[in-house]
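Undergrad: Here you go, this is my_file_19.txt (compact mmCIF, C-alpha atoms).
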```txt
# COMPACT_ATOMS: atom_id res chain seq x y z
CA MET A 1 12.73 -51.06 -19.08
CA LEU A 2 11.70 -53.67 -16.54
CA THR A 3 13.90 -56.34 -15.06
CA ARG A 4 13.01 -60.01 -15.49
CA LYS A 5 11.67 -60.24 -11.93
CA GLN A 6 9.60 -57.09 -12.40
CA HIS A 7 8.12 -58.59 -15.58
CA GLU A 8 7.34 -61.84 -13.74
CA LEU A 9 5.67 -60.07 -10.84
CA LEU A 10 3.60 -57.80 -13.07
CA ARG A 11 2.39 -60.75 -15.12
CA PHE A 12 1.57 -62.74 -11.95
CA ILE A 13 -0.47 -59.87 -10.50
CA GLN A 14 -2.33 -59.42 -13.79
CA GLU A 15 -3.10 -63.14 -14.12
CA ARG A 16 -4.34 -63.40 -10.52
CA LEU A 17 -6.62 -60.38 -10.99
CA ARG A 18 -7.92 -61.87 -14.23
CA GLU A 19 -8.60 -65.27 -12.64
CA SER A 20 -10.12 -64.28 -9.29
CA GLY A 21 -10.43 -60.49 -9.23
CA VAL A 22 -8.38 -60.46 -6.02
CA PRO A 23 -4.78 -59.18 -5.92
CA PRO A 24 -2.27 -61.72 -4.59
CA SER A 25 -0.84 -61.34 -1.10
CA PHE A 26 2.84 -60.57 -0.59
CA ASP A 27 3.37 -64.18 0.54
CA GLU A 28 1.82 -65.47 -2.69
CA MET A 29 3.99 -63.12 -4.74
CA LYS A 30 7.06 -64.27 -2.83
CA ASP A 31 6.27 -67.93 -3.50
CA ALA A 32 5.43 -67.32 -7.16
CA LEU A 33 8.77 -65.60 -7.79
CA ASP A 34 10.68 -68.03 -5.54
CA LEU A 35 12.07 -65.25 -3.34
CA ARG A 36 13.19 -65.80 0.23
CA SER A 37 11.58 -62.76 1.84
CA LYS A 38 8.74 -60.30 1.34
CA SER A 39 11.20 -57.40 1.38
CA GLY A 40 12.23 -58.34 -2.16
CA ILE A 41 8.58 -58.26 -3.23
CA HIS A 42 8.15 -54.88 -1.57
CA ARG A 43 11.04 -53.48 -3.63
CA LEU A 44 9.60 -54.92 -6.85
CA VAL A 45 6.14 -53.50 -6.11
CA MET A 46 7.64 -50.08 -5.37
CA ALA A 47 9.58 -50.20 -8.66
CA LEU A 48 6.48 -51.13 -10.67
CA GLU A 49 4.50 -48.37 -8.97
CA GLU A 50 7.21 -45.77 -9.63
CA ARG A 51 7.25 -46.75 -13.31
CA GLY A 52 3.47 -46.40 -13.60
CA PHE A 53 2.61 -50.06 -14.24
CA ILE A 54 0.61 -50.59 -11.03
CA ARG A 55 -0.88 -48.49 -8.28
CA ARG A 56 -1.88 -49.19 -4.73
CA LEU A 57 -5.55 -48.59 -4.12
CA PRO A 58 -6.36 -46.17 -1.29
CA ASN A 59 -7.94 -47.42 1.94
CA ARG A 60 -7.17 -51.04 1.10
CA ALA A 61 -4.29 -52.88 2.67
CA ARG A 62 -1.79 -53.72 -0.09
CA ALA A 63 -4.51 -53.93 -2.75
CA LEU A 64 -3.06 -53.46 -6.23
CA GLU A 65 -4.36 -52.47 -9.65
CA VAL A 66 -2.56 -53.02 -12.95
CA ILE A 67 -2.61 -49.79 -14.98
CA LYS A 68 -0.66 -50.89 -18.03
CA MET A 69 1.53 -53.66 -19.35
CA PRO A 70 4.85 -53.36 -21.21
CA ASP A 71 4.72 -53.47 -24.99
CA GLY A 72 4.26 -57.04 -26.16
CA LEU A 73 2.60 -58.31 -22.96
CA GLY A 74 -0.88 -57.09 -23.77
CA ALA A 75 -3.21 -54.73 -21.98
CA PRO A 76 -4.51 -55.59 -18.50
CA GLN A 77 -7.78 -57.48 -18.59
CA PRO A 78 -10.88 -56.26 -16.76
CA ARG A 79 -11.51 -57.91 -13.42
CA PRO A 80 -14.62 -60.07 -13.77
CA ARG A 81 -15.36 -60.81 -10.15
CA PHE A 82 -14.06 -59.30 -6.95
CA SER A 83 -13.63 -55.51 -7.00
CA PRO A 84 -13.68 -53.88 -3.55
CA ALA A 85 -15.37 -50.54 -3.01
CA VAL A 86 -17.08 -50.33 -6.38
CA VAL A 87 -20.39 -49.74 -4.65
CA GLN A 88 -21.15 -46.97 -2.21
CA GLY A 89 -24.04 -46.05 0.03
CA GLY A 90 -25.87 -47.28 3.12
CA LEU A 91 -25.96 -51.03 3.48
CA GLY A 92 -29.74 -51.07 3.87
CA ALA A 93 -30.41 -48.63 1.07
CA GLN A 94 -30.21 -48.79 -2.71
CA PRO A 95 -26.46 -48.50 -3.44
CA SER A 96 -25.09 -46.57 -6.38
CA VAL A 97 -22.25 -47.63 -8.63
CA ALA A 98 -19.13 -45.57 -7.99
CA LYS A 99 -18.07 -45.41 -11.65
CA PRO A 100 -21.21 -45.97 -13.74
CA ARG A 101 -21.14 -46.56 -17.45
CA PRO A 102 -22.37 -43.72 -19.67
CA ALA A 103 -25.79 -45.37 -19.88
CA ALA A 104 -28.35 -43.80 -17.59
CA ILE A 105 -28.27 -45.18 -14.06
CA GLU A 106 -32.07 -45.02 -13.91
CA ASP A 107 -32.31 -47.50 -16.79
CA ASP A 108 -29.88 -49.90 -15.05
CA SER A 109 -31.70 -49.66 -11.73
CA ARG A 110 -34.82 -51.23 -13.21
CA HIS A 111 -32.82 -54.42 -13.67
CA SER A 112 -31.15 -54.49 -10.25
CA ILE A 113 -31.23 -57.74 -8.33
CA ALA A 114 -32.08 -57.77 -4.60
CA ILE A 115 -29.51 -59.79 -2.66
CA PRO A 116 -30.50 -60.98 0.85
CA VAL A 117 -28.10 -60.06 3.65
CA MET A 118 -27.86 -63.17 5.84
CA GLY A 119 -26.15 -61.75 8.91
CA ARG A 120 -22.45 -61.44 9.75
CA ILE A 121 -19.38 -63.40 8.76
CA ALA A 122 -16.06 -63.45 10.61
CA ALA A 123 -12.85 -62.33 8.94
CA GLY A 124 -11.00 -63.13 12.14
CA THR A 125 -11.91 -65.55 14.92
CA PRO A 126 -14.88 -67.58 13.66
CA ILE A 127 -18.27 -66.51 14.98
CA SER A 128 -21.63 -68.25 14.96
CA ALA A 129 -22.90 -69.76 11.73
CA ILE A 130 -24.76 -67.74 9.11
CA GLN A 131 -27.89 -66.17 10.54
CA SER A 132 -31.29 -65.50 9.04
CA ARG A 133 -32.03 -62.85 6.44
CA SER A 134 -32.03 -59.30 7.85
CA HIS A 135 -32.40 -57.01 4.81
CA THR A 136 -31.40 -56.78 1.16
CA VAL A 137 -28.93 -54.88 -1.00
CA SER A 138 -29.31 -54.32 -4.74
CA LEU A 139 -26.74 -54.89 -7.46
CA PRO A 140 -26.86 -54.80 -11.28
CA PRO A 141 -26.75 -58.24 -12.91
CA ASP A 142 -23.36 -57.62 -14.56
CA MET A 143 -21.77 -57.46 -11.11
CA LEU A 144 -23.08 -60.89 -10.19
CA GLY A 145 -23.03 -63.39 -13.01
CA SER A 146 -25.03 -66.59 -12.91
CA GLY A 147 -26.19 -68.52 -9.86
CA GLU A 148 -27.82 -67.77 -6.52
CA HIS A 149 -26.27 -65.08 -4.32
CA TYR A 150 -26.42 -63.78 -0.77
CA ALA A 151 -24.52 -61.14 1.19
CA LEU A 152 -22.82 -61.06 4.59
CA GLU A 153 -21.47 -58.24 6.74
CA VAL A 154 -17.78 -58.68 7.55
CA ARG A 155 -16.50 -58.54 11.12
CA GLY A 156 -12.75 -58.71 11.78
CA ASP A 157 -9.51 -57.86 10.03
CA SER A 158 -8.02 -61.19 8.99
CA MET A 159 -8.59 -60.51 5.25
CA VAL A 160 -7.27 -56.96 5.03
CA GLU A 161 -4.45 -57.86 2.62
CA ALA A 162 -7.12 -59.10 0.20
CA GLY A 163 -8.82 -55.69 0.43
CA ILE A 164 -11.63 -56.92 2.70
CA LEU A 165 -12.10 -54.66 5.71
CA ASP A 166 -14.15 -54.78 8.90
CA GLY A 167 -17.60 -53.40 8.09
CA ASP A 168 -17.58 -54.35 4.40
CA THR A 169 -20.39 -56.38 2.90
CA VAL A 170 -19.32 -59.37 0.80
CA VAL A 171 -21.46 -60.82 -1.97
CA ILE A 172 -21.29 -64.61 -2.15
CA ARG A 173 -22.30 -67.01 -4.91
CA ARG A 174 -23.89 -70.02 -3.24
CA GLN A 175 -21.91 -73.18 -4.08
CA ASP A 176 -20.53 -76.16 -2.18
CA THR A 177 -17.22 -76.52 -4.03
CA ALA A 178 -14.32 -74.13 -4.64
CA ASN A 179 -10.84 -74.06 -6.11
CA THR A 180 -7.56 -73.44 -4.34
CA GLY A 181 -7.07 -69.68 -4.05
CA ASP A 182 -10.78 -68.83 -3.91
CA ILE A 183 -12.04 -66.72 -1.01
CA VAL A 184 -14.91 -68.70 0.48
CA VAL A 185 -17.46 -68.84 3.23
CA ALA A 186 -16.51 -71.96 5.17
CA LEU A 187 -18.69 -73.60 7.81
CA ILE A 188 -16.55 -75.38 10.40
CA ASP A 189 -18.03 -78.30 12.36
CA ASP A 190 -21.53 -77.05 11.43
CA GLU A 191 -21.07 -74.33 14.07
CA GLU A 192 -18.68 -71.60 12.98
CA ALA A 193 -18.70 -69.58 9.76
CA THR A 194 -15.61 -67.76 8.55
CA LEU A 195 -14.40 -65.94 5.44
CA LYS A 196 -10.99 -67.20 4.33
CA ARG A 197 -8.92 -68.14 1.31
CA LEU A 198 -9.16 -71.84 0.52
CA ARG A 199 -6.07 -73.98 0.07
CA LYS A 200 -6.17 -77.70 -0.60
CA ARG A 201 -3.28 -79.56 1.01
CA GLY A 202 -3.48 -83.20 0.09
CA SER A 203 -6.48 -84.62 1.92
CA SER A 204 -6.71 -81.57 4.21
CA ILE A 205 -8.23 -78.13 3.77
CA ALA A 206 -6.38 -74.97 4.83
CA LEU A 207 -8.35 -71.81 5.61
CA GLU A 208 -5.83 -69.04 5.07
CA ALA A 209 -6.06 -65.50 6.43
CA ALA A 210 -4.81 -62.46 4.50
CA ASN A 211 -3.24 -60.94 7.59
CA PRO A 212 0.03 -62.20 9.11
CA ALA A 213 -1.42 -61.71 12.59
CA TYR A 214 -3.69 -64.74 12.04
CA GLU A 215 -2.69 -68.37 11.68
CA THR A 216 -3.83 -70.65 8.88
CA ARG A 217 -6.23 -73.34 10.08
CA VAL A 218 -5.70 -76.80 8.58
CA LEU A 219 -8.70 -79.08 8.96
CA GLY A 220 -9.95 -82.40 7.72
CA PRO A 221 -12.42 -82.24 4.81
CA ASP A 222 -15.16 -83.74 6.98
CA ARG A 223 -15.02 -80.66 9.24
CA VAL A 224 -15.38 -78.02 6.53
CA LYS A 225 -18.38 -77.28 4.32
CA ILE A 226 -18.10 -74.67 1.60
CA GLN A 227 -21.10 -72.36 1.66
CA GLY A 228 -20.13 -70.12 -1.27
CA ARG A 229 -17.44 -68.16 -3.07
CA LEU A 230 -16.84 -64.42 -2.89
CA VAL A 231 -17.73 -62.59 -6.11
CA ASN A 232 -18.02 -58.95 -5.07
CA LEU A 233 -17.81 -56.52 -2.21
CA MET A 234 -19.51 -53.33 -1.05
CA ARG A 235 -18.06 -50.69 1.25
CA ARG A 236 -19.90 -48.04 3.24
CA TYR A 237 -18.20 -44.62 3.25
```
Can I see the file as structure tokens?
TA:
Amino acid sequence: MLTRKQHELLRFIQERLRESGVPPSFDEMKDALDLRSKSGIHRLVMALEERGFIRRLPNRARALEVIKMPDGLGAPQPRPRFSPAVVQGGLGAQPSVAKPRPAAIEDDSRHSIAIPVMGRIAAGTPISAIQSRSHTVSLPPDMLGSGEHYALEVRGDSMVEAGILDGDTVVIRRQDTANTGDIVVALIDDEEATLKRLRKRGSSIALEAANPAYETRVLGPDRVKIQGRLVNLMRRY
């Protein structure tokens, strides 16, 4: 049996994973459940984990996966977009899918799409704007969806609570708009590029880190240009 708050938290985690593929941060869980501190969220997460409804994913800061739902709430939905560490291998080489479908990998590889790697992106203090193409990585179409894509190598630790680590490669769908809660590539003052979660606050734009060591930057809309939205991630082991 789950308590009401445990039910609410489990449903919130499931819905966030279904919508964006990214588990919510502890701050977001705290706000969603109207709790005063993250310690209460920590206790709820521990309880859900002990009861086998969620699990914490290894090597990812506070990343969560829904394993099952209580009877009557429905099964957890597959995550359509962001799924850290699903691809392994050298960043300049042909990656392989960590958990391939039963179909032969050789058949899938013929339909892989080459994604240009356009330099480095800061998940920390913003660095110089996106650079020129350096090499490519390959992904199957079902990991991308529609649209034009590019990839960037992550530098910094400001997004660790979203499961994005220093050294990861993020796959970005090129677009100039995004919704609140999306993780985006934002170009600040046409000079600095950074990877952050987007929040719209009235007429301002907040670029929110997923690490309490970093402050949220609130900027006017004329200073921020959206360069794309995160759709997937690769990790080198």
Undergrad: Just how far from CA of Ala32 (chain A) is CA of Ile226 (chain A), in Å to one decimal?
TA: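 So the two atoms, CA of Ile226 (chain A) and CA of Ala32 (chain A), lie 26.2 Å apart.
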Undergrad: Looking at only C-alpha atoms, which of A:Asp142, A:Glu161, A:Glu8, A:Asp166 is the one that sits closest to Arg56 (chain A)?
TA: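 Looking only at the distances to Arg56 (chain A), the closest residue turns out to be A:Glu161.
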Undergrad: Could you check how far CA of Met29 (chain A) sits from CA of Thr180 (chain A), in Å to one decimal?
TA: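 Between CA of Met29 (chain A) and CA of Thr180 (chain A) the gap works out to 15.5 Å.
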Undergrad: Using only C-alpha atoms, determine which residues lie at most 12 Å from Arg217 (chain A), disregarding the query and same-chain residues fewer than 6 positions distant; provide the list as a list in words.
TA: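 Here the answer would be Gly124, Thr125, Pro126, Ala186, Ile188, Thr194, Leu195, Lys196, Arg197, Leu198, Arg199, Lys200, Arg201, Ser204, Ile205, Ala206, Leu207, Glu208, Ala209, Arg223 and Val224 of chain A.
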Undergrad: Grab the CA of Gly119 (chain A) to CA of Asn232 (chain A) distance for me, in Å with one decimal place.
TA: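 Distance reported for this atom pair: 16.4 Å.
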Undergrad: With all atoms listed in the file as the counted atoms, please give the residues lying no more than 8 Å from Ser158 (chain A), apart from itself and same-chain residues fewer than 2 positions off, as a PDB file with C-alpha atoms, in the frame of the given file.
TA:
```pdb
ATOM      1  CA  ALA A 123     -12.850 -62.330   8.940  1.00  0.00           C
ATOM      2  CA  GLY A 124     -11.000 -63.130  12.140  1.00  0.00           C
ATOM      3  CA  GLY A 156     -12.750 -58.710  11.780  1.00  0.00           C
ATOM      4  CA  VAL A 160      -7.270 -56.960   5.030  1.00  0.00           C
ATOM      5  CA  ALA A 209      -6.060 -65.500   6.430  1.00  0.00           C
ATOM      6  CA  ALA A 210      -4.810 -62.460   4.500  1.00  0.00           C
ATOM      7  CA  ASN A 211      -3.240 -60.940   7.590  1.00  0.00           C
ATOM      8  CA  ALA A 213      -1.420 -61.710  12.590  1.00  0.00           C
ATOM      9  CA  TYR A 214      -3.690 -64.740  12.040  1.00  0.00           C
TER      10      TYR A 214
END
```
Undergrad: Using all atoms listed in the file, can you tell me which of A:Gly147, A:Gly40, A:Pro70, A:Pro140 comes closest to Gly52 (chain A)?
TA: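 Distance minimum relative to Gly52 (chain A) lands on A:Pro70.
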Undergrad: With distances taken over all atoms listed in the file, which of A:Pro116, A:Ala122, A:Pro221, A:His7 is nearest to Ile172 (chain A)?
TA: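 Selected residue with least distance to Ile172 (chain A): A:Pro116.
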Undergrad: Could you add whatever atoms are missing so that region 173-184 of chain A carries all heavy atoms, then write the result as a CSV table (one decimal), keeping the file's coordinate frame?
TA:
```
chain,number,residue,atom,x,y,z
A,173,ARG,N,-21.5,-66.1,-4.1
A,173,ARG,CA,-22.3,-67.0,-4.9
A,173,ARG,C,-22.4,-68.3,-4.2
A,173,ARG,O,-21.4,-68.9,-3.7
A,173,ARG,CB,-21.6,-67.2,-6.2
A,173,ARG,CG,-22.3,-68.3,-7.1
A,173,ARG,CD,-21.7,-68.5,-8.5
A,173,ARG,NE,-21.8,-67.3,-9.3
A,173,ARG,CZ,-20.7,-66.6,-9.8
A,173,ARG,NH1,-19.5,-67.0,-9.5
A,173,ARG,NH2,-20.9,-65.5,-10.5
A,174,ARG,N,-23.7,-68.8,-4.0
A,174,ARG,CA,-23.9,-70.0,-3.2
A,174,ARG,C,-23.4,-71.2,-4.0
A,174,ARG,O,-23.8,-71.5,-5.2
A,174,ARG,CB,-25.4,-70.2,-2.9
A,174,ARG,CG,-25.7,-71.2,-1.9
A,174,ARG,CD,-27.2,-71.4,-1.7
A,174,ARG,NE,-27.8,-70.2,-1.2
A,174,ARG,CZ,-27.9,-69.8,0.1
A,174,ARG,NH1,-27.4,-70.6,1.0
A,174,ARG,NH2,-28.5,-68.7,0.4
A,175,GLN,N,-22.4,-72.0,-3.5
A,175,GLN,CA,-21.9,-73.2,-4.1
A,175,GLN,C,-21.2,-74.0,-3.0
A,175,GLN,O,-20.8,-73.4,-2.0
A,175,GLN,CB,-20.9,-72.8,-5.2
A,175,GLN,CG,-19.8,-72.0,-4.8
A,175,GLN,CD,-19.0,-71.5,-6.0
A,175,GLN,OE1,-19.4,-70.7,-6.8
A,175,GLN,NE2,-17.7,-72.0,-6.1
A,176,ASP,N,-21.1,-75.3,-3.2
A,176,ASP,CA,-20.5,-76.2,-2.2
A,176,ASP,C,-19.2,-76.7,-2.6
A,176,ASP,O,-18.6,-77.5,-1.9
A,176,ASP,CB,-21.5,-77.3,-1.9
A,176,ASP,CG,-21.8,-78.2,-3.1
A,176,ASP,OD1,-21.2,-78.0,-4.1
A,176,ASP,OD2,-22.7,-79.0,-3.0
A,177,THR,N,-18.6,-76.2,-3.6
A,177,THR,CA,-17.2,-76.5,-4.0
A,177,THR,C,-16.5,-75.2,-4.4
A,177,THR,O,-17.1,-74.2,-4.7
A,177,THR,CB,-17.2,-77.5,-5.2
A,177,THR,OG1,-17.8,-76.8,-6.4
A,177,THR,CG2,-17.9,-78.8,-5.0
A,178,ALA,N,-15.1,-75.3,-4.3
A,178,ALA,CA,-14.3,-74.1,-4.6
A,178,ALA,C,-12.9,-74.6,-5.0
A,178,ALA,O,-12.5,-75.7,-4.7
A,178,ALA,CB,-14.2,-73.2,-3.5
A,179,ASN,N,-12.2,-73.7,-5.7
A,179,ASN,CA,-10.8,-74.1,-6.1
A,179,ASN,C,-9.8,-73.4,-5.2
A,179,ASN,O,-10.1,-72.5,-4.5
A,179,ASN,CB,-10.6,-73.5,-7.5
A,179,ASN,CG,-11.5,-74.2,-8.6
A,179,ASN,OD1,-11.7,-75.4,-8.5
A,179,ASN,ND2,-12.0,-73.4,-9.5
A,180,THR,N,-8.6,-74.0,-5.1
A,180,THR,CA,-7.6,-73.4,-4.3
A,180,THR,C,-7.3,-72.0,-4.8
A,180,THR,O,-7.2,-71.7,-6.0
A,180,THR,CB,-6.3,-74.2,-4.5
A,180,THR,OG1,-6.4,-75.5,-3.9
A,180,THR,CG2,-5.1,-73.5,-3.9
A,181,GLY,N,-7.3,-71.1,-3.8
A,181,GLY,CA,-7.1,-69.7,-4.0
A,181,GLY,C,-8.3,-68.9,-4.0
A,181,GLY,O,-8.3,-67.7,-3.9
A,182,ASP,N,-9.5,-69.5,-4.0
A,182,ASP,CA,-10.8,-68.8,-3.9
A,182,ASP,C,-11.0,-68.3,-2.5
A,182,ASP,O,-10.6,-69.0,-1.5
A,182,ASP,CB,-12.0,-69.7,-4.3
A,182,ASP,CG,-12.1,-70.0,-5.8
A,182,ASP,OD1,-11.4,-69.3,-6.5
A,182,ASP,OD2,-12.8,-71.0,-6.1
A,183,ILE,N,-11.6,-67.2,-2.3
A,183,ILE,CA,-12.0,-66.7,-1.0
A,183,ILE,C,-13.5,-67.2,-0.8
A,183,ILE,O,-14.4,-67.0,-1.6
A,183,ILE,CB,-12.0,-65.2,-0.9
A,183,ILE,CG1,-10.5,-64.7,-1.0
A,183,ILE,CG2,-12.6,-64.7,0.4
A,183,ILE,CD1,-10.3,-63.2,-1.0
A,184,VAL,N,-13.7,-68.0,0.3
A,184,VAL,CA,-14.9,-68.7,0.5
A,184,VAL,C,-15.5,-68.4,1.8
A,184,VAL,O,-14.8,-68.0,2.8
A,184,VAL,CB,-14.7,-70.2,0.3
A,184,VAL,CG1,-14.1,-70.6,-1.0
A,184,VAL,CG2,-13.8,-70.8,1.4
```
